[in-house]
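Asks: Take this structure first; my questions come after.
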Number of protein chains: 4
Amino acid sequence: MRIDLNADLGESYGAWTLGDDAGLLAIITSANIACGFHAGDPAGLRRVCAEAVAREVVIGAQVGYPDLAGFGRRFLDMSAADLEAAVIYQVGALDGLARAAGGRVRYVKPHGALYNAIVHHEAQADAVVAAVRAYDPNLALVGLPGSVVLERAAAAGLTTVGEAFADRGYRSDGTLVPRAEPGAVLSDADEIAARAAAIVADGRVTSVDGVSVQIDADSLCIHGDTPGAVAIAGRVRSALAARGVRLASFVEA
Amino acid sequence: MRIDLNADLGESYGAWTLGDDAGLLAIITSANIACGFHAGDPAGLRRVCAEAVAREVVIGAQVGYPDLAGFGRRFLDMSAADLEAAVIYQVGALDGLARAAGGRVRYVKPHGALYNAIVHHEAQADAVVAAVRAYDPNLALVGLPGSVVLERAAAAGLTTVGEAFADRGYRSDGTLVPRAEPGAVLSDADEIAARAAAIVADGRVTSVDGVSVQIDADSLCIHGDTPGAVAIAGRVRSALAARGVRLASFVEA
Amino acid sequence: MRIDLNADLGESYGAWTLGDDAGLLAIITSANIACGFHAGDPAGLRRVCAEAVAREVVIGAQVGYPDLAGFGRRFLDMSAADLEAAVIYQVGALDGLARAAGGRVRYVKPHGALYNAIVHHEAQADAVVAAVRAYDPNLALVGLPGSVVLERAAAAGLTTVGEAFADRGYRSDGTLVPRAEPGAVLSDADEIAARAAAIVADGRVTSVDGVSVQIDADSLCIHGDTPGAVAIAGRVRSALAARGVRLASFVEA
Amino acid sequence: MRIDLNADLGESYGAWTLGDDAGLLAIITSANIACGFHAGDPAGLRRVCAEAVAREVVIGAQVGYPDLAGFGRRFLDMSAADLEAAVIYQVGALDGLARAAGGRVRYVKPHGALYNAIVHHEAQADAVVAAVRAYDPNLALVGLPGSVVLERAAAAGLTTVGEAFADRGYRSDGTLVPRAEPGAVLSDADEIAARAAAIVADGRVTSVDGVSVQIDADSLCIHGDTPGAVAIAGRVRSALAARGVRLASFVEA
């Protein structure tokens, strides 16, 4: 048994710091590094890339809408042509910094509102897929299992990576509990660690309604911007080890 | 005899258009394409890259300060680390778009206030050189002959390309007449074309003081944002042809 | 009979120019001046304010989403709190420039995608209304007749100004033909002028289906970013004069 | 004896938080609130304005260069016209938010690199002074004693407020020790508090060379972005009270 652990990094910006990049890099196997559109300034991104290379953590491009003020968390009705070019631009920019640091971008994970939009939004999903293919068809694409974007990516011949969330509530149909509803986000480290182990080792998670739901995930997402994120991530890692799960990036497969 | 003709392209932004990119691509041999920091949105840049590829015009990254409001024409006191990363970011972003269009970035030309700053500013000059080397040491660097940045670039093993300006006044010491002074910018197409031919075929230009000055240039810069720019560029091309000068990019050498 | 003529101004940005502000100021009675979020840099906005004051054209704040790259033409899913504060910020900024030029902001007209969103989007409509009230309840609010935002504004005690479009096609139910459909935008100056006269003098316009539709408008919007915009505006003005319509801003009532 | 305590507030941006605004508002008498150019999003600025009003802390506009990525800490070579308009724009925007919160902007304090530039840079100093006068000549202007900007402001009839820094080292000529040099920044709370008391009660501070230097200050600046800033500010306040110094804003005079 093996699983990938991914987390969002490089989300500081200029004088503003966010998250504990160094702490997370000691735990995760895949770093979703921001690309400057929702967060991340070039010098900061370069440092994170260098740290990821030093830690042998795989680098992914965490692409988003061009919306610093909204941290990429607000839907922006971009045309397919604009979004496709914006994704290529971001991946290229981060890849440049990654290569200057001795690494390179190996996958793409859309961020925030873009991530959520392309679960259903066909034109934007197609634009993201087209961008990844245009930049490098060998890059993997990380997203929500069952999303339109992963369907389209698979149809286009891209490697797709479905991810699960140990700290998010699931509904009985396997979808996530919306953030505005009760049970959407878990904060207890032990509970999150136990769920992580169940998701990976058993392929199952208990829904907010108490139903055991099947989950097929190639990666577990660790949220880094919550209090105690690194401690939780460490607990998750330990719980997985206790079940004999090996941590490894999906790109090494 | 041969010479390269370069011009700034891709300097539109969203709803705002600037310059006649298609018109210039029919004339020049090297396109300094903006990278989104002083001008250029991703979708527009991608289109210009595609047009350059179709025209077989060599693509260069026209990197600048992050200053859309000032069009990169205002000095910004960036630290070496910030500037170096910003240049890598921009080159990578444009290279991604260029590769998606079937081409790739072959050289770097700093824009506006950055171009002028690194004639003298050692820390920023070193940062630009370090960025080009870190991204790809095979990229050429275009700048002002005699500038600190070209000295440092040559010392670092980069291919350097000194450029001349057929539409700018020169002082008797070979430096450019500052824009605020009389005689700084020429607008007569015939005069510009004649100067272009003299610079390339004779290696000389007449200064504002009437002195014949030696000029060693690997490329001629054509300004695209002036009225009648394309017509002037066409006249320059004809004048060069009349002197038996072949137009060819420096990267083909 | 009297009518207001409004047009979008101040939509240049730094090195990029858009529209013929001076030409339109000679014709219109109300200037919707951009506020820097979708277009307009401070120095340019200040100049337009000064020109409007000199021409005795009433100044309005043309507020938009924070989206320079998209020129405010893409829906952005801002929260009510963020949008309300963003509108206050923009109105205050423009009012500062207007007052420094000897004038002041007298009304607010949302721009682009925000204009369209608040025809239906209740939370964003309420946010715009709340912002105007918080800044100055004596400011008028310009919008589409029948829109949610004008309903809410009227209920909140604001002066509302419904506008008509002489260069847009109407459907038989009085709504605008969407831009993607045939007949959405008219370009013939004579036809536009004739429709303007019919809208104001007769209160009627002929729909794309040939039906005569009633139109109640306090202002006519003149688009300034189309080719020949100033010439069309002049034709509209002449056609209105020929029908005995006096041009006057709604704030003079 | 009385003194004003000022500190920088509102310097968060979207998802990024910086400083303890609420903690400082309990201590200071004047809040230099960012205006969105170097920091501060509209909704966050509005909240800080409301808190300042609730705390009866005087609101000032902390204007800066348009440089989010650099936090306004990098010199930008803006023209006088651009800078003047940018300052009016920022003051107007913040004043709008302040008025919506029941307060209003009472003074202007330039931020970061702009603050430092206008100690010497005449054109930019004049632009800031002209902007304040154009917006509202009753606003006070806070700056470094002896700076060009305060000289010009006084000559223009503005109320000027010279400030001292209890946590910065002074040279024997009364100027600040540059940040790159030893002794530039103090971090010991007791020492800072003692210096604050000496500056206000005695009008003197001890330089890095051990010389007692005369200081005439109308306000003490409290840095809020350092660790323990609120605790230090509280210690300063207590030390001043112990010397019988009353804390009061300069605008109440």
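Letters A, B, ... mark the chains of the structure tokens in the order given; residue numbers begin at 1 per chain; ligand numbers begin at 1, in order shown.
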Using only C-alpha atoms, I'd like every residue of chain A that has an atom within 8 Å of chain C; please write them out as number ranges by chain.
Replies: A: 74-78
Asks: Residues at most 12 Å from Ala155 in chain C, counting only C-alpha atoms, excluding those fewer than 3 positions away in the same chain, as a VMD selection string?
Replies: chain C and resid 126 129 to 130 133 148 to 152 158 to 160
Asks: Quick one: pick out all helix (DSSP H, G or I) residues within range 18-217 of chain A from a backbone DSSP run and write them as a PyMOL selection string.
Replies: chain A and resi 21-25+42-55+80-100+112-120+122-135+148-155+189-202
Asks: Any idea what's packed within 8 Å of Gly224 in chain A, counting only C-alpha atoms, ignoring anything in its chain fewer than 3 positions away? Could you give it as a compact mmCIF listing (two decimals) with N, CA and C atoms, in the first residue's frame?
Replies:
# COMPACT_ATOMS: atom_id res chain seq x y z
N ALA A 7 0.30 19.01 -0.37
CA ALA A 7 -0.12 20.20 0.38
C ALA A 7 0.21 21.44 -0.44
N ASP A 8 -0.52 22.52 -0.13
CA ASP A 8 -0.31 23.79 -0.83
C ASP A 8 0.85 24.53 -0.19
N LEU A 9 1.81 24.95 -1.00
CA LEU A 9 2.97 25.69 -0.51
C LEU A 9 3.20 26.95 -1.34
N GLY A 19 1.43 29.97 6.11
CA GLY A 19 1.75 28.56 6.13
C GLY A 19 3.19 28.31 6.57
N ASP A 20 3.46 27.04 6.88
CA ASP A 20 4.78 26.62 7.34
C ASP A 20 5.36 25.69 6.29
N LEU A 24 5.97 21.54 6.42
CA LEU A 24 5.22 20.61 5.58
C LEU A 24 6.15 19.81 4.66
N ALA A 229 -1.37 22.82 11.39
CA ALA A 229 -1.39 22.02 10.17
C ALA A 229 -0.24 21.03 10.12
N VAL A 230 0.94 21.49 10.52
CA VAL A 230 2.10 20.61 10.44
C VAL A 230 1.97 19.46 11.43
Asks: Would you please work out which residue, of A:Arg104, A:Arg195, A:Arg2, A:Arg168, is nearest to Asp218 in chain A when using only C-alpha atoms?
Replies: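 Looking at the shortest contact to Asp218 in chain A, the residue is A:Arg2.
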Asks: Residues near Val208 in chain B, anyone? I mean within 9 Å using only C-alpha atoms, not counting same-chain ones fewer than 4 positions away, as number ranges by chain.
Replies: B: 169-172, 177, 182-184
Asks: What's the 7 Å shell around Arg235 in chain A, counting only C-alpha atoms, without same-chain residues fewer than 4 positions away, as a list in words?
Replies: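 The residues that qualify are Ala189, Ala193, Ala231 and Ala239 of chain A.
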Asks: Which residues come within 10 Å of Leu141 in chain C, counting only C-alpha atoms, excluding same-chain residues fewer than 3 positions away, as a ChimeraX atom specification?
Replies: /C:60-61,106-110,128-129,132,137-138,149-150,153-154,158-162
Asks: Please, what distance in Å, to one decimal, runs between CA of His111 in chain B and CA of Phe250 in chain B?
Replies: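 Computed distance, CA of His111 in chain B to CA of Phe250 in chain B, equals 18.7 Å.
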Asks: Using only C-alpha atoms, which of D:Leu220, D:Ala134, D:Ala127, D:Cys49 sits nearest Ala100 in chain D?
Replies: D:Cys49
Asks: Find the spatial neighbours of range 91-95 of chain C, counting only C-alpha atoms, within a cut-off of 6 Å - ignore same-chain residues fewer than 2 positions away - and output them as a list in words.
Replies: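 Listed by chain and then number, they are Cys35, Ala61, Ile88, Tyr89, Leu97, Ala98, Arg99, Arg104 and Val105 of chain C; Tyr89, Gly92, Ala93 and Gly96 of chain D.
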Asks: Keeping all heavy atoms, export the residues of the selection given above as an mmCIF file, in the first residue's frame.
Replies:
data_model
loop_
_atom_site.group_PDB
_atom_site.id
_atom_site.type_symbol
_atom_site.label_atom_id
_atom_site.label_comp_id
_atom_site.auth_asym_id
_atom_site.auth_seq_id
_atom_site.Cartn_x
_atom_site.Cartn_y
_atom_site.Cartn_z
ATOM 1 N N CYS C 35 -12.723 54.051 -12.254
ATOM 2 C CA CYS C 35 -12.210 54.303 -10.899
ATOM 3 C C CYS C 35 -10.937 53.518 -10.587
ATOM 4 O O CYS C 35 -10.553 53.387 -9.420
ATOM 5 C CB CYS C 35 -13.274 53.938 -9.872
ATOM 6 S SG CYS C 35 -14.781 54.919 -10.020
ATOM 7 N N ALA C 61 -19.225 57.908 -10.901
ATOM 8 C CA ALA C 61 -18.195 56.902 -10.624
ATOM 9 C C ALA C 61 -18.587 55.596 -11.298
ATOM 10 O O ALA C 61 -19.595 54.989 -10.944
ATOM 11 C CB ALA C 61 -18.039 56.700 -9.117
ATOM 12 N N ILE C 88 -17.256 51.444 -2.221
ATOM 13 C CA ILE C 88 -16.981 52.660 -1.436
ATOM 14 C C ILE C 88 -15.578 53.178 -1.751
ATOM 15 O O ILE C 88 -15.368 54.375 -1.963
ATOM 16 C CB ILE C 88 -17.111 52.371 0.077
ATOM 17 C CG1 ILE C 88 -18.549 52.004 0.427
ATOM 18 C CG2 ILE C 88 -16.638 53.569 0.898
ATOM 19 C CD1 ILE C 88 -18.722 51.491 1.857
ATOM 20 N N TYR C 89 -14.621 52.255 -1.776
ATOM 21 C CA TYR C 89 -13.230 52.618 -2.057
ATOM 22 C C TYR C 89 -13.114 53.339 -3.398
ATOM 23 O O TYR C 89 -12.493 54.398 -3.502
ATOM 24 C CB TYR C 89 -12.384 51.339 -2.045
ATOM 25 C CG TYR C 89 -10.903 51.513 -2.272
ATOM 26 C CD1 TYR C 89 -10.019 51.518 -1.202
ATOM 27 C CD2 TYR C 89 -10.375 51.638 -3.554
ATOM 28 C CE1 TYR C 89 -8.646 51.654 -1.407
ATOM 29 C CE2 TYR C 89 -9.006 51.779 -3.767
ATOM 30 C CZ TYR C 89 -8.149 51.781 -2.693
ATOM 31 O OH TYR C 89 -6.788 51.917 -2.889
ATOM 32 N N LEU C 97 -10.301 62.692 -6.560
ATOM 33 C CA LEU C 97 -9.733 63.282 -7.776
ATOM 34 C C LEU C 97 -10.676 64.336 -8.360
ATOM 35 O O LEU C 97 -10.230 65.368 -8.862
ATOM 36 C CB LEU C 97 -9.461 62.183 -8.809
ATOM 37 C CG LEU C 97 -8.368 61.180 -8.409
ATOM 38 C CD1 LEU C 97 -8.359 59.983 -9.346
ATOM 39 C CD2 LEU C 97 -6.998 61.855 -8.390
ATOM 40 N N ALA C 98 -11.979 64.061 -8.309
ATOM 41 C CA ALA C 98 -12.958 65.020 -8.845
ATOM 42 C C ALA C 98 -12.942 66.313 -8.041
ATOM 43 O O ALA C 98 -12.977 67.414 -8.606
ATOM 44 C CB ALA C 98 -14.356 64.398 -8.840
ATOM 45 N N ARG C 99 -12.887 66.186 -6.732
ATOM 46 C CA ARG C 99 -12.866 67.387 -5.884
ATOM 47 C C ARG C 99 -11.576 68.176 -6.083
ATOM 48 O O ARG C 99 -11.595 69.416 -6.098
ATOM 49 C CB ARG C 99 -13.063 66.993 -4.413
ATOM 50 C CG ARG C 99 -14.496 66.552 -4.121
ATOM 51 C CD ARG C 99 -14.669 65.975 -2.714
ATOM 52 N NE ARG C 99 -16.008 65.414 -2.549
ATOM 53 C CZ ARG C 99 -17.066 66.102 -2.122
ATOM 54 N NH1 ARG C 99 -16.953 67.376 -1.796
ATOM 55 N NH2 ARG C 99 -18.242 65.518 -2.015
ATOM 56 N N ARG C 104 -17.220 67.072 -8.283
ATOM 57 C CA ARG C 104 -17.413 65.968 -7.354
ATOM 58 C C ARG C 104 -18.276 64.896 -7.994
ATOM 59 O O ARG C 104 -18.957 65.146 -8.980
ATOM 60 C CB ARG C 104 -18.030 66.435 -6.032
ATOM 61 C CG ARG C 104 -19.402 67.046 -6.141
ATOM 62 C CD ARG C 104 -19.788 67.645 -4.779
ATOM 63 N NE ARG C 104 -21.028 68.382 -4.862
ATOM 64 C CZ ARG C 104 -22.228 67.876 -4.540
ATOM 65 N NH1 ARG C 104 -22.327 66.631 -4.102
ATOM 66 N NH2 ARG C 104 -23.310 68.605 -4.644
ATOM 67 N N VAL C 105 -18.208 63.701 -7.439
ATOM 68 C CA VAL C 105 -19.009 62.590 -7.951
ATOM 69 C C VAL C 105 -20.464 62.826 -7.584
ATOM 70 O O VAL C 105 -20.777 63.113 -6.420
ATOM 71 C CB VAL C 105 -18.503 61.250 -7.379
ATOM 72 C CG1 VAL C 105 -19.496 60.129 -7.670
ATOM 73 C CG2 VAL C 105 -17.131 60.918 -7.955
ATOM 74 N N TYR D 89 -5.779 59.872 -4.895
ATOM 75 C CA TYR D 89 -6.612 58.677 -5.066
ATOM 76 C C TYR D 89 -6.662 57.866 -3.770
ATOM 77 O O TYR D 89 -7.741 57.484 -3.299
ATOM 78 C CB TYR D 89 -6.023 57.846 -6.201
ATOM 79 C CG TYR D 89 -6.782 56.580 -6.558
ATOM 80 C CD1 TYR D 89 -7.650 56.550 -7.640
ATOM 81 C CD2 TYR D 89 -6.604 55.398 -5.845
ATOM 82 C CE1 TYR D 89 -8.329 55.389 -7.999
ATOM 83 C CE2 TYR D 89 -7.272 54.239 -6.180
ATOM 84 C CZ TYR D 89 -8.142 54.234 -7.260
ATOM 85 O OH TYR D 89 -8.817 53.080 -7.599
ATOM 86 N N GLY D 92 -8.485 59.748 -0.916
ATOM 87 C CA GLY D 92 -9.922 59.744 -1.176
ATOM 88 C C GLY D 92 -10.545 58.392 -0.899
ATOM 89 O O GLY D 92 -11.635 58.290 -0.312
ATOM 90 N N ALA D 93 -9.860 57.336 -1.322
ATOM 91 C CA ALA D 93 -10.393 55.993 -1.116
ATOM 92 C C ALA D 93 -10.528 55.687 0.372
ATOM 93 O O ALA D 93 -11.562 55.202 0.836
ATOM 94 C CB ALA D 93 -9.473 54.974 -1.789
ATOM 95 N N GLY D 96 -13.235 57.718 2.015
ATOM 96 C CA GLY D 96 -14.553 57.158 1.754
ATOM 97 C C GLY D 96 -14.887 56.048 2.740
ATOM 98 O O GLY D 96 -15.981 56.007 3.318
#
Asks: When DSSP is applied to the backbone of this structure, which of range 83-179 of chain C are assigned strand (DSSP E or B)? Write them out as a ChimeraX atom specification.
Replies: /C:105-108,140-143,159-165,168,170,176
Asks: Can you spit out the residues from that selection as an mmCIF file, in the first residue's frame, using N, CA and C atoms?
Replies:
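Dumped to result05.cif:
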data_model
loop_
_atom_site.group_PDB
_atom_site.id
_atom_site.type_symbol
_atom_site.label_atom_id
_atom_site.label_comp_id
_atom_site.auth_asym_id
_atom_site.auth_seq_id
_atom_site.Cartn_x
_atom_site.Cartn_y
_atom_site.Cartn_z
ATOM 1 N N VAL C 105 -18.208 63.701 -7.439
ATOM 2 C CA VAL C 105 -19.009 62.590 -7.951
ATOM 3 C C VAL C 105 -20.464 62.826 -7.584
ATOM 4 N N ARG C 106 -21.344 62.684 -8.592
ATOM 5 C CA ARG C 106 -22.767 62.922 -8.358
ATOM 6 C C ARG C 106 -23.606 61.660 -8.491
ATOM 7 N N TYR C 107 -23.049 60.650 -9.106
ATOM 8 C CA TYR C 107 -23.806 59.394 -9.275
ATOM 9 C C TYR C 107 -22.834 58.227 -9.428
ATOM 10 N N VAL C 108 -23.389 57.033 -9.366
ATOM 11 C CA VAL C 108 -22.604 55.805 -9.516
ATOM 12 C C VAL C 108 -23.227 54.978 -10.633
ATOM 13 N N ALA C 140 -26.997 59.445 -7.066
ATOM 14 C CA ALA C 140 -27.926 58.649 -7.870
ATOM 15 C C ALA C 140 -27.250 57.362 -8.307
ATOM 16 N N LEU C 141 -28.063 56.384 -8.667
ATOM 17 C CA LEU C 141 -27.534 55.101 -9.131
ATOM 18 C C LEU C 141 -28.120 54.811 -10.511
ATOM 19 N N VAL C 142 -27.241 54.625 -11.486
ATOM 20 C CA VAL C 142 -27.658 54.373 -12.867
ATOM 21 C C VAL C 142 -27.625 52.878 -13.143
ATOM 22 N N GLY C 143 -28.668 52.351 -13.781
ATOM 23 C CA GLY C 143 -28.712 50.929 -14.101
ATOM 24 C C GLY C 143 -29.754 50.619 -15.142
ATOM 25 N N THR C 159 -31.910 57.813 -5.368
ATOM 26 C CA THR C 159 -32.398 58.253 -6.670
ATOM 27 C C THR C 159 -31.932 57.245 -7.709
ATOM 28 N N THR C 160 -32.861 56.693 -8.469
ATOM 29 C CA THR C 160 -32.481 55.711 -9.482
ATOM 30 C C THR C 160 -32.656 56.309 -10.872
ATOM 31 N N VAL C 161 -31.749 55.912 -11.755
ATOM 32 C CA VAL C 161 -31.763 56.408 -13.128
ATOM 33 C C VAL C 161 -31.722 55.206 -14.062
ATOM 34 N N GLY C 162 -32.833 54.969 -14.766
ATOM 35 C CA GLY C 162 -32.861 53.884 -15.737
ATOM 36 C C GLY C 162 -32.343 54.380 -17.077
ATOM 37 N N GLU C 163 -31.556 53.545 -17.725
ATOM 38 C CA GLU C 163 -30.989 54.013 -18.988
ATOM 39 C C GLU C 163 -31.405 53.111 -20.148
ATOM 40 N N ALA C 164 -31.411 53.704 -21.323
ATOM 41 C CA ALA C 164 -31.704 52.962 -22.554
ATOM 42 C C ALA C 164 -30.482 53.017 -23.452
ATOM 43 N N PHE C 165 -30.460 52.099 -24.418
ATOM 44 C CA PHE C 165 -29.310 51.987 -25.318
ATOM 45 C C PHE C 165 -29.780 52.133 -26.749
ATOM 46 N N ARG C 168 -28.258 49.304 -29.065
ATOM 47 C CA ARG C 168 -28.439 47.888 -28.743
ATOM 48 C C ARG C 168 -29.815 47.429 -29.194
ATOM 49 N N TYR C 170 -33.303 45.455 -28.838
ATOM 50 C CA TYR C 170 -34.194 45.075 -27.735
ATOM 51 C C TYR C 170 -35.064 43.897 -28.167
ATOM 52 N N LEU C 176 -32.637 43.475 -23.290
ATOM 53 C CA LEU C 176 -31.649 43.617 -24.359
ATOM 54 C C LEU C 176 -31.379 42.278 -25.032
#
